[in-house]
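final_6.txt (compact mmCIF, C-alpha atoms and all ligand atoms) appears below.
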# COMPACT_ATOMS: atom_id res chain seq x y z
CA MET A 1 -2.40 -12.22 -19.82
CA THR A 2 -6.14 -12.76 -19.97
CA PRO A 3 -7.67 -9.61 -21.48
CA PHE A 4 -10.40 -7.65 -19.77
CA SER A 5 -13.51 -6.69 -21.73
CA PRO A 6 -13.11 -3.97 -24.39
CA ALA A 7 -15.29 -1.67 -22.26
CA VAL A 8 -12.63 -1.74 -19.50
CA TYR A 9 -9.99 -0.39 -21.85
CA ALA A 10 -12.36 2.22 -23.27
CA ASP A 11 -13.11 3.45 -19.73
CA ARG A 12 -9.42 3.73 -18.96
CA ARG A 13 -8.82 5.73 -22.15
CA ARG A 14 -11.67 8.10 -21.31
CA ARG A 15 -10.23 8.63 -17.83
CA ALA A 16 -6.81 9.35 -19.33
CA ALA A 17 -8.38 11.80 -21.78
CA ALA A 18 -10.08 13.63 -18.92
CA GLN A 19 -6.95 13.70 -16.76
CA ALA A 20 -4.84 14.91 -19.67
CA ALA A 21 -7.28 17.76 -20.26
CA ALA A 22 -7.26 18.69 -16.57
CA ALA A 23 -3.45 18.77 -16.65
CA GLY A 24 -3.40 21.05 -19.70
CA LEU A 25 -1.91 18.34 -21.92
CA ALA A 26 -2.83 17.66 -25.55
CA GLY A 27 -3.05 13.97 -24.79
CA VAL A 28 -1.30 10.80 -23.74
CA LEU A 29 1.00 8.90 -26.10
CA VAL A 30 1.30 5.24 -25.21
CA THR A 31 4.08 2.93 -26.42
CA PRO A 32 4.57 -0.85 -26.00
CA GLY A 33 4.87 -2.05 -22.42
CA PRO A 34 2.63 -1.79 -19.37
CA ASP A 35 0.89 1.41 -20.55
CA LEU A 36 -0.16 -0.21 -23.83
CA ARG A 37 -1.40 -3.27 -21.95
CA TYR A 38 -3.34 -0.96 -19.64
CA PHE A 39 -5.02 1.17 -22.28
CA LEU A 40 -5.43 -1.30 -25.12
CA GLY A 41 -4.85 -4.79 -23.72
CA TYR A 42 -2.27 -5.17 -26.45
CA THR A 43 1.26 -6.55 -26.31
CA PRO A 44 3.05 -6.45 -29.67
CA SER A 45 5.04 -9.59 -30.39
CA ALA A 46 8.21 -7.54 -29.93
CA ASP A 47 9.02 -3.99 -28.92
CA THR A 48 11.14 -3.18 -31.94
CA GLU A 49 12.40 -0.05 -33.65
CA ARG A 50 9.17 0.07 -35.66
CA LEU A 51 6.75 2.58 -34.15
CA THR A 52 3.64 1.33 -32.36
CA LEU A 53 1.83 4.23 -30.71
CA LEU A 54 -1.57 4.68 -29.12
CA ALA A 55 -2.59 8.34 -29.07
CA ILE A 56 -5.27 9.32 -26.54
CA PRO A 57 -6.23 12.95 -27.21
CA ALA A 58 -7.24 15.08 -24.24
CA ALA A 59 -11.01 15.35 -23.82
CA ASP A 60 -12.06 18.55 -25.56
CA GLY A 61 -15.01 19.12 -23.25
CA ASP A 62 -17.36 19.80 -26.18
CA HIS A 63 -19.28 16.56 -25.90
CA ASP A 64 -19.38 15.49 -22.26
CA GLY A 65 -16.03 13.77 -22.55
CA ASP A 66 -17.87 10.63 -23.52
CA GLY A 67 -16.10 10.03 -26.82
CA ASP A 68 -13.18 7.64 -27.12
CA GLN A 69 -11.06 9.34 -29.76
CA ALA A 70 -7.99 7.17 -29.31
CA VAL A 71 -6.17 6.08 -32.43
CA ALA A 72 -3.36 3.56 -32.83
CA VAL A 73 -0.45 3.88 -35.23
CA VAL A 74 0.94 0.44 -36.04
CA PRO A 75 3.42 -1.15 -38.45
CA ARG A 76 1.46 -2.62 -41.37
CA LEU A 77 2.95 -6.07 -40.81
CA GLU A 78 1.52 -6.10 -37.26
CA ALA A 79 -1.83 -4.46 -38.01
CA HIS A 80 -3.41 -7.88 -38.24
CA ASP A 81 -2.38 -8.76 -34.65
CA LEU A 82 -4.21 -5.72 -33.43
CA GLU A 83 -7.37 -6.42 -35.41
CA VAL A 84 -7.64 -9.98 -34.20
CA GLY A 85 -6.73 -9.08 -30.60
CA ALA A 86 -9.39 -8.68 -27.96
CA VAL A 87 -9.28 -4.92 -28.38
CA GLY A 88 -11.22 -3.16 -31.06
CA GLY A 89 -13.38 -0.10 -30.99
CA ILE A 90 -10.49 2.15 -31.90
CA GLU A 91 -9.21 3.32 -35.23
CA ALA A 92 -5.83 1.95 -36.31
CA VAL A 93 -3.61 3.63 -38.89
CA ALA A 94 -1.02 1.33 -40.43
CA TRP A 95 2.25 2.59 -41.84
CA SER A 96 4.51 0.70 -44.23
CA ASP A 97 8.27 0.21 -44.21
CA GLY A 98 9.85 3.10 -46.07
CA GLU A 99 7.24 5.60 -44.87
CA ASP A 100 8.16 8.19 -42.23
CA GLU A 101 6.19 6.73 -39.33
CA HIS A 102 6.62 9.87 -37.24
CA ALA A 103 5.07 11.96 -40.01
CA VAL A 104 2.17 9.46 -40.10
CA ALA A 105 1.69 9.88 -36.34
CA ALA A 106 2.07 13.65 -36.56
CA ARG A 107 -0.96 13.89 -38.87
CA LEU A 108 -3.07 12.59 -35.96
CA LEU A 109 -1.61 14.87 -33.30
CA ARG A 110 -1.67 18.56 -32.38
CA PRO A 111 1.50 20.03 -33.88
CA ASP A 112 2.02 22.41 -30.97
CA GLY A 113 0.72 20.06 -28.27
CA ARG A 114 2.39 19.11 -25.02
CA TYR A 115 2.01 15.35 -24.63
CA ALA A 116 2.52 12.88 -21.82
CA ILE A 117 4.42 9.90 -23.23
CA SER A 118 5.15 6.45 -21.76
CA ASP A 119 8.25 6.45 -19.56
CA ALA A 120 9.94 3.74 -21.59
CA ALA A 121 9.16 5.18 -25.06
CA TRP A 122 12.21 4.78 -27.26
CA ALA A 123 14.26 7.99 -27.60
CA LEU A 124 14.23 7.19 -31.32
CA HIS A 125 10.49 7.88 -31.39
CA VAL A 126 10.38 10.84 -29.01
CA LEU A 127 13.07 12.52 -31.13
CA GLY A 128 11.27 11.48 -34.33
CA LEU A 129 8.00 13.05 -33.17
CA GLN A 130 9.86 16.15 -32.10
CA ARG A 131 11.41 16.42 -35.56
CA ALA A 132 8.03 15.90 -37.26
CA MET A 133 6.37 18.50 -34.98
CA PRO A 134 9.01 21.02 -33.88
CA ALA A 135 6.50 22.99 -31.79
CA SER A 136 5.39 19.93 -29.79
CA SER A 137 6.79 18.95 -26.40
CA TYR A 138 6.83 15.83 -24.22
CA ALA A 139 6.84 14.82 -20.58
CA ALA A 140 7.17 11.38 -19.00
CA VAL A 141 3.72 10.13 -18.11
CA THR A 142 4.68 9.24 -14.52
CA THR A 143 5.97 12.79 -14.07
CA VAL A 144 2.82 14.60 -15.22
CA LEU A 145 0.10 11.98 -14.62
CA PRO A 146 1.72 9.71 -12.00
CA MET A 147 -1.53 8.30 -10.63
CA LEU A 148 -3.00 7.26 -13.99
CA ARG A 149 -2.70 3.52 -13.22
CA ALA A 150 -2.51 3.81 -9.41
CA ALA A 151 -6.07 3.05 -8.28
CA LYS A 152 -6.91 -0.51 -9.24
CA SER A 153 -10.37 -1.78 -10.18
CA PRO A 154 -11.77 -4.79 -8.29
CA GLU A 155 -10.82 -6.97 -11.28
CA GLU A 156 -7.24 -5.79 -11.06
CA VAL A 157 -7.14 -6.24 -7.28
CA ALA A 158 -8.36 -9.81 -7.77
CA ARG A 159 -5.39 -10.48 -10.10
CA LEU A 160 -2.97 -8.89 -7.61
CA ALA A 161 -4.49 -10.98 -4.81
CA ALA A 162 -4.02 -14.15 -6.86
CA ALA A 163 -0.40 -13.22 -7.60
CA GLY A 164 0.14 -12.54 -3.88
CA ALA A 165 -1.40 -15.87 -2.92
CA GLY A 166 0.97 -17.57 -5.35
CA ALA A 167 3.96 -15.83 -3.75
CA ASP A 168 2.73 -16.86 -0.29
CA ALA A 169 2.52 -20.48 -1.43
CA VAL A 170 6.13 -20.16 -2.62
CA PHE A 171 7.21 -19.02 0.85
CA GLU A 172 5.33 -21.84 2.52
CA GLN A 173 7.21 -24.34 0.36
CA ILE A 174 10.68 -22.79 0.43
CA VAL A 175 10.91 -22.84 4.23
CA THR A 176 10.45 -26.61 4.25
CA ARG A 177 13.63 -27.00 2.19
CA ARG A 178 17.20 -27.04 3.43
CA PHE A 179 19.11 -23.73 3.64
CA ALA A 180 22.33 -24.60 5.50
CA GLY A 181 25.05 -25.77 3.13
CA ARG A 182 23.40 -24.42 -0.03
CA ALA A 183 24.46 -21.31 -1.95
CA GLU A 184 22.17 -18.28 -2.05
CA SER A 185 21.90 -18.83 -5.82
CA GLU A 186 20.51 -22.35 -5.31
CA VAL A 187 17.72 -21.09 -3.04
CA SER A 188 17.13 -18.28 -5.52
CA ALA A 189 16.72 -20.80 -8.35
CA ASP A 190 14.21 -22.68 -6.21
CA LEU A 191 12.22 -19.47 -5.69
CA ASP A 192 12.21 -18.84 -9.44
CA ALA A 193 10.91 -22.34 -10.20
CA LEU A 194 8.33 -22.16 -7.42
CA LEU A 195 6.99 -18.79 -8.62
CA ARG A 196 6.55 -20.26 -12.10
CA SER A 197 4.80 -23.30 -10.63
CA HIS A 198 2.44 -20.92 -8.82
CA GLY A 199 1.09 -19.11 -11.84
CA HIS A 200 3.85 -16.61 -12.61
CA GLU A 201 4.66 -16.24 -16.31
CA GLN A 202 7.45 -13.78 -15.49
CA VAL A 203 9.86 -13.70 -12.53
CA ASP A 204 11.28 -10.24 -11.83
CA PHE A 205 13.53 -10.91 -8.83
CA THR A 206 14.42 -13.67 -6.39
CA LEU A 207 16.82 -12.03 -3.93
CA VAL A 208 18.40 -14.31 -1.36
CA CYS A 209 20.71 -12.43 1.00
CA ALA A 210 22.45 -14.46 3.71
CA GLY A 211 24.17 -13.11 6.80
CA GLU A 212 26.17 -9.95 6.07
CA ASN A 213 24.74 -9.82 2.52
CA GLY A 214 21.35 -9.07 4.08
CA ALA A 215 22.68 -5.64 5.02
CA ASP A 216 22.63 -4.74 1.30
CA PRO A 217 18.95 -4.21 0.38
CA HIS A 218 19.57 -5.01 -3.31
CA HIS A 219 22.10 -7.80 -2.95
CA GLU A 220 21.65 -10.34 -5.76
CA ALA A 221 21.90 -13.99 -4.83
CA GLY A 222 25.47 -15.16 -5.30
CA ASN A 223 27.71 -18.07 -4.40
CA ARG A 224 27.77 -17.29 -0.65
CA VAL A 225 26.99 -20.55 1.12
CA ILE A 226 24.27 -20.27 3.75
CA ARG A 227 25.33 -21.39 7.25
CA GLU A 228 23.76 -22.22 10.58
CA GLY A 229 23.22 -18.91 12.41
CA ASP A 230 22.51 -16.85 9.27
CA MET A 231 19.63 -14.49 8.89
CA VAL A 232 18.39 -14.84 5.30
CA VAL A 233 16.36 -12.13 3.56
CA MET A 234 14.27 -13.44 0.67
CA ASP A 235 12.53 -10.92 -1.61
CA PHE A 236 10.78 -12.34 -4.63
CA GLY A 237 8.08 -11.57 -7.15
CA GLY A 238 7.01 -11.31 -10.74
CA LEU A 239 3.89 -11.28 -12.87
CA ALA A 240 1.01 -13.74 -12.72
CA ASP A 241 -1.67 -13.26 -15.39
CA GLY A 242 -0.19 -9.83 -16.05
CA TYR A 243 -0.23 -8.54 -12.46
CA GLY A 244 2.58 -8.34 -9.93
CA SER A 245 3.62 -10.03 -6.72
CA ASP A 246 6.39 -8.79 -4.43
CA THR A 247 6.95 -10.11 -0.93
CA THR A 248 9.85 -10.34 1.52
CA ARG A 249 10.39 -12.51 4.55
CA THR A 250 13.50 -12.86 6.68
CA VAL A 251 14.16 -16.32 8.08
CA HIS A 252 16.86 -17.64 10.38
CA VAL A 253 18.89 -20.83 10.06
CA GLY A 254 18.58 -22.44 13.48
CA ALA A 255 17.71 -20.53 16.64
CA PRO A 256 18.27 -16.72 16.46
CA THR A 257 20.17 -14.72 19.06
CA ALA A 258 18.28 -12.27 21.28
CA GLY A 259 19.75 -9.40 19.27
CA GLU A 260 18.58 -10.85 15.96
CA GLN A 261 15.14 -11.49 17.39
CA GLU A 262 14.94 -7.90 18.64
CA VAL A 263 15.74 -6.43 15.22
CA HIS A 264 13.18 -8.71 13.60
CA ASP A 265 10.56 -7.68 16.19
CA VAL A 266 11.20 -3.99 15.47
CA VAL A 267 10.82 -4.46 11.72
CA ARG A 268 7.68 -6.50 12.22
CA ALA A 269 6.17 -3.74 14.40
CA ALA A 270 7.23 -1.10 11.84
CA GLN A 271 5.59 -3.05 9.05
CA GLN A 272 2.37 -3.34 11.05
CA ALA A 273 2.45 0.40 11.79
CA GLY A 274 2.81 1.15 8.08
CA VAL A 275 -0.17 -1.03 7.24
CA ASP A 276 -2.19 0.55 10.08
CA ALA A 277 -1.43 4.02 8.65
CA VAL A 278 -3.57 3.22 5.58
CA ARG A 279 -6.66 5.13 6.70
CA PRO A 280 -9.08 7.55 5.01
CA GLY A 281 -7.41 10.94 4.72
CA ALA A 282 -3.88 9.52 4.94
CA THR A 283 -1.23 10.36 2.38
CA CYS A 284 1.50 8.15 0.99
CA GLN A 285 4.13 9.81 3.17
CA ASP A 286 2.09 8.97 6.28
CA VAL A 287 2.78 5.27 5.63
CA ASP A 288 6.50 5.96 5.41
CA ARG A 289 6.44 8.09 8.54
CA ALA A 290 4.54 5.47 10.53
CA SER A 291 7.00 2.68 9.72
CA ARG A 292 10.03 4.93 10.10
CA ALA A 293 8.93 6.20 13.53
CA VAL A 294 8.87 2.69 14.99
CA ILE A 295 12.38 1.96 13.72
CA ALA A 296 13.74 5.35 14.83
CA ASP A 297 12.18 5.00 18.29
CA ALA A 298 13.95 1.65 18.69
CA GLY A 299 17.27 3.34 17.86
CA PHE A 300 17.75 1.90 14.37
CA GLY A 301 16.71 4.96 12.33
CA ASP A 302 20.10 5.33 10.62
CA TRP A 303 19.86 1.77 9.28
CA PHE A 304 16.50 2.06 7.47
CA VAL A 305 17.96 3.33 4.22
CA HIS A 306 15.12 3.22 1.68
CA ARG A 307 11.53 4.37 1.18
CA THR A 308 8.83 2.26 2.80
CA GLY A 309 7.02 1.18 -0.33
CA HIS A 310 6.05 1.41 -3.98
CA GLY A 311 2.98 0.81 -6.10
CA ILE A 312 2.41 -2.45 -7.94
CA GLY A 313 0.14 -3.43 -10.80
CA LEU A 314 1.09 -4.31 -14.37
CA THR A 315 4.68 -3.84 -13.16
CA THR A 316 6.32 -4.73 -9.86
CA HIS A 317 7.49 -1.12 -9.20
CA GLU A 318 5.40 1.93 -10.10
CA PRO A 319 3.74 4.98 -8.50
CA PRO A 320 2.57 5.72 -5.88
CA TYR A 321 5.69 5.73 -3.72
CA MET A 322 5.47 5.58 0.07
CA VAL A 323 8.14 8.16 0.72
CA GLU A 324 8.62 11.41 2.64
CA GLY A 325 7.37 14.28 0.48
CA GLU A 326 4.73 12.22 -1.38
CA GLU A 327 1.58 14.01 -0.28
CA THR A 328 -0.77 12.20 -2.66
CA PRO A 329 -3.83 11.03 -0.73
CA ILE A 330 -4.29 7.27 -0.53
CA GLU A 331 -7.29 6.36 -2.68
CA ALA A 332 -9.47 3.28 -2.73
CA GLY A 333 -7.90 0.57 -4.84
CA MET A 334 -4.30 1.79 -4.61
CA CYS A 335 -2.00 -1.21 -4.26
CA PHE A 336 1.49 -0.81 -2.86
CA SER A 337 4.16 -2.50 -0.79
CA VAL A 338 4.87 -1.80 2.86
CA GLU A 339 8.44 -3.00 3.33
CA PRO A 340 10.49 -1.42 6.09
CA GLY A 341 13.89 -2.90 6.91
CA ILE A 342 16.94 -2.57 9.12
CA TYR A 343 20.38 -3.11 7.58
CA LEU A 344 23.36 -3.53 9.89
CA PRO A 345 26.56 -3.37 7.80
CA GLY A 346 28.81 -6.38 8.23
CA GLU A 347 26.18 -8.19 10.30
CA PHE A 348 22.76 -8.88 8.80
CA GLY A 349 19.55 -7.31 7.54
CA VAL A 350 15.84 -7.77 8.12
CA ARG A 351 13.02 -6.73 5.79
CA ILE A 352 9.35 -7.69 5.86
CA GLU A 353 7.18 -6.84 2.86
CA ASP A 354 3.53 -7.27 2.03
CA ILE A 355 1.39 -5.83 -0.73
CA VAL A 356 -1.49 -3.82 0.69
CA VAL A 357 -4.64 -2.62 -1.06
CA ALA A 358 -6.37 0.48 0.27
CA PHE A 359 -10.06 0.31 1.11
CA PRO A 360 -10.80 -2.50 -1.35
CA SER A 361 -14.19 -3.46 -2.61
CA GLY A 362 -14.99 -6.78 -4.13
CA VAL A 363 -11.91 -8.61 -2.90
CA PRO A 364 -12.74 -12.20 -2.02
CA GLY A 365 -12.47 -12.76 1.73
CA THR A 366 -12.68 -9.11 2.74
CA ALA A 367 -15.57 -7.06 4.03
CA ASP A 368 -16.82 -4.68 1.38
CA ALA A 369 -14.74 -1.50 1.26
CA PRO A 370 -13.15 -1.52 4.74
CA ASP A 371 -11.68 1.76 6.03
CA SER A 372 -8.20 0.30 6.13
CA GLY A 373 -5.51 -1.38 4.14
CA VAL A 374 -5.88 -5.08 3.45
CA ARG A 375 -2.82 -7.26 3.01
CA LEU A 376 -2.63 -9.34 -0.15
CA ASN A 377 0.13 -11.42 1.46
CA THR A 378 -0.62 -13.61 4.45
CA SER A 379 2.67 -15.43 5.05
CA PRO A 380 3.53 -15.45 8.78
CA HIS A 381 5.17 -12.30 10.15
CA GLU A 382 6.94 -13.99 13.05
CA MET A 383 10.48 -15.09 12.22
CA VAL A 384 10.46 -18.55 10.67
CA VAL A 385 13.32 -20.83 11.66
CA VAL A 386 14.67 -22.99 8.83
CA GLU A 387 17.25 -25.75 8.72
ZN ZN B 1 22.04 -15.62 13.50
ZN ZN B 2 10.31 -6.84 -2.74
ZN ZN B 3 8.90 -4.18 -3.09
Translate this structure into structure tokens?
Amino acid sequence: MTPFSPAVYADRRRRAAAQAAAAGLAGVLVTPGPDLRYFLGYTPSADTERLTLLAIPAADGDHDGDGDQAVAVVPRLEAHDLEVGAVGGIEAVAWSDGEDEHAVAARLLRPDGRYAISDAAWALHVLGLQRAMPASSYAAVTTVLPMLRAAKSPEEVARLAAAGAGADAVFEQIVTRRFAGRAESEVSADLDALLRSHGHEQVDFTLVCAGENGADPHHEAGNRVIREGDMVVMDFGGLADGYGSDTTRTVHVGAPTAGEQEVHDVVRAAQQAGVDAVRPGATCQDVDRASRAVIADAGFGDWFVHRTGHGIGLTTHEPPYMVEGEETPIEAGMCFSVEPGIYLPGEFGVRIEDIVVAFPSGVPGTADAPDSGVRLNTSPHEMVVVE
């Protein structure tokens, strides 16, 4: 992915240091994956058993919180990658094979500190740090600082918008191709190739769920042959220049029945209600409630079996979650899906999903900082009929 300027990463580290202090943590420990990309713009060539760790100590409050005291612990054989990367400005401590890397890291940490650590940190390293510092303790970063990456900067929103536009172009092309007579897996392979042709370096999912398979929200494309009369749910996305796309449309092979059209209309109205709920003062659960109310009022409440949405950024699923009980206020720059659905077992399913950014500023084609959510997907919401 194209790196941002070093100042962007330094700002993010300072914000993490301040949030860690406010949460009573000793700091944030970042391991390879999306957190390391977020705070350092660095992706090691492989996430191996060798420890790579970025330690961001909590701001101590003694000097205006303006220092960036982060330090990276890296395997000596990879230290060069870090130096020549577009990062810099932070101290790196290299350790050599045969050294106890956890003891090396421990010398830079508070021995009795409670640390937030990346969700996907290897147990090998969490246990190693615990052994090196028996009085220390650890919590998953999305448990204690769930909103650390949630509000996106205009530069990040621009990447998400570009990824969304790529996914929309994929939809526009796929519906011109034949569905009837082809297996779900063949259409899925087309979606994969199209995502890659529209700027995606990574494809995370290309679900194609025909007929009764559409009633399973996480059905993987299989050898079911698509037929005239099928509803087909397509949910696809991945990463383009490091940022995620995730969109769902439900199409019909040939003319739909009145009953199928009705279910699609209800989901479409529920999706619009969820987007409309993105207003100043709203919380994440308000989005879920708004979509759910439309579906319940139409009598399909028992068949909307998942939360309404999830955040998206450097990954295709992350906080914040649009779910009952999530009382986090929606902040400017939060990007998340709004994806209600109705799943009728043995019959078919309908889901419609767009990525929405809250109160964006600096997004091409939008008024500056509107008091609403702005869709980053613009594929048609009416049911598209395919052949
Ligand atoms: Zn049908
Ligand atoms: Zn999706
Ligand atoms: Zn989604």
Report task. List all protein, DNA and RNA residues that have at least one atom no more than 7 Å from any atom of ligand ZN 3 (chain B), counting only C-alpha atoms and all ligand atoms, and write them as a list in words. Result -> Asp246, Thr247, Gly309, His310, His317, Ser337, Glu339 and Glu353 of chain A
Check which residues of chain A sit at most 8 Å from ligand ZN 1 (chain B) using all atoms listed in the file, and return one row each with the closest pair of atoms and their distance in Å to one decimal, ordered by chain and rising number, as a Markdown table.
| residue | atom | partner | partner_atom | distance |
| --- | --- | --- | --- | --- |
| A:Gly211 | CA | B:ZN1 | ZN | 7.5 |
| A:Glu228 | CA | B:ZN1 | ZN | 7.4 |
| A:Gly229 | CA | B:ZN1 | ZN | 3.7 |
| A:Asp230 | CA | B:ZN1 | ZN | 4.4 |
| A:Met231 | CA | B:ZN1 | ZN | 5.3 |
| A:His252 | CA | B:ZN1 | ZN | 6.4 |
| A:Val253 | CA | B:ZN1 | ZN | 7.0 |
| A:Gly254 | CA | B:ZN1 | ZN | 7.6 |
| A:Ala255 | CA | B:ZN1 | ZN | 7.3 |
| A:Pro256 | CA | B:ZN1 | ZN | 4.9 |
| A:Thr257 | CA | B:ZN1 | ZN | 5.9 |
| A:Glu260 | CA | B:ZN1 | ZN | 6.4 |
Query raised in the report: If we count all atoms listed in the file, what is near segment 373-387 of chain A at a cut-off of 6 Å, once residues fewer than 3 positions away on the same chain are taken out, given as JSON, numbers by chain?
Result: {"A": [161, 164, 168, 175, 178, 179, 251, 252, 253, 254, 278, 354, 355, 356, 357, 358, 359]}
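Using all atoms listed in the file, the shortest contact distance between ligand ZN 2 (chain B) and any of A:Gly33, A:Pro75, A:Gly222, A:Gly237 is found at A:Gly237.
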Requested in this report: For segment 121-135 of chain A, please output as an NGL selection string all residues within 10 Å (counting all atoms listed in the file; exclusion window: fewer than 3 positions along the same chain).
Outcome: :A and (29-33 or 47-53 or 100-107 or 109-114 or 117-118 or 138-140)
Report summary line: One residue among A:Asp11, A:Glu220, A:Glu327, A:Asp119 is nearest to Val141 of chain A when using all atoms listed in the file, and that residue is A:Asp119
Generate N, CA, C and O atoms for segment 226-237 of chain A and emit them as a tab-separated table (two decimals), keeping the file's coordinate frame.
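Everything below was put into result-v4.tsv:
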chain	number	residue	atom	x	y	z
A	226	ILE	N	25.07	-20.58	2.56
A	226	ILE	CA	24.27	-20.27	3.75
A	226	ILE	C	24.70	-21.21	4.88
A	226	ILE	O	24.93	-22.40	4.66
A	227	ARG	N	24.83	-20.62	6.09
A	227	ARG	CA	25.33	-21.39	7.25
A	227	ARG	C	24.34	-21.33	8.40
A	227	ARG	O	23.53	-20.40	8.49
A	228	GLU	N	24.46	-22.27	9.29
A	228	GLU	CA	23.76	-22.22	10.58
A	228	GLU	C	24.06	-20.86	11.22
A	228	GLU	O	25.20	-20.40	11.21
A	229	GLY	N	23.02	-20.21	11.76
A	229	GLY	CA	23.22	-18.91	12.41
A	229	GLY	C	22.96	-17.72	11.50
A	229	GLY	O	22.91	-16.59	11.98
A	230	ASP	N	22.77	-17.96	10.20
A	230	ASP	CA	22.51	-16.85	9.27
A	230	ASP	C	21.06	-16.38	9.33
A	230	ASP	O	20.14	-17.20	9.34
A	231	MET	N	20.90	-15.06	9.30
A	231	MET	CA	19.63	-14.49	8.89
A	231	MET	C	19.63	-14.54	7.36
A	231	MET	O	20.66	-14.31	6.73
A	232	VAL	N	18.48	-14.80	6.76
A	232	VAL	CA	18.39	-14.84	5.30
A	232	VAL	C	17.17	-14.04	4.86
A	232	VAL	O	16.04	-14.37	5.21
A	233	VAL	N	17.44	-12.95	4.12
A	233	VAL	CA	16.36	-12.13	3.56
A	233	VAL	C	16.00	-12.70	2.19
A	233	VAL	O	16.89	-12.87	1.35
A	234	MET	N	14.74	-12.97	1.98
A	234	MET	CA	14.27	-13.44	0.67
A	234	MET	C	13.18	-12.49	0.15
A	234	MET	O	12.17	-12.29	0.82
A	235	ASP	N	13.45	-11.90	-1.01
A	235	ASP	CA	12.53	-10.92	-1.61
A	235	ASP	C	12.27	-11.39	-3.03
A	235	ASP	O	13.20	-11.45	-3.84
A	236	PHE	N	11.04	-11.73	-3.33
A	236	PHE	CA	10.78	-12.34	-4.63
A	236	PHE	C	9.42	-11.92	-5.18
A	236	PHE	O	8.51	-11.57	-4.43
A	237	GLY	N	9.34	-11.93	-6.52
A	237	GLY	CA	8.08	-11.57	-7.15
A	237	GLY	C	8.20	-11.54	-8.66
A	237	GLY	O	9.28	-11.71	-9.23
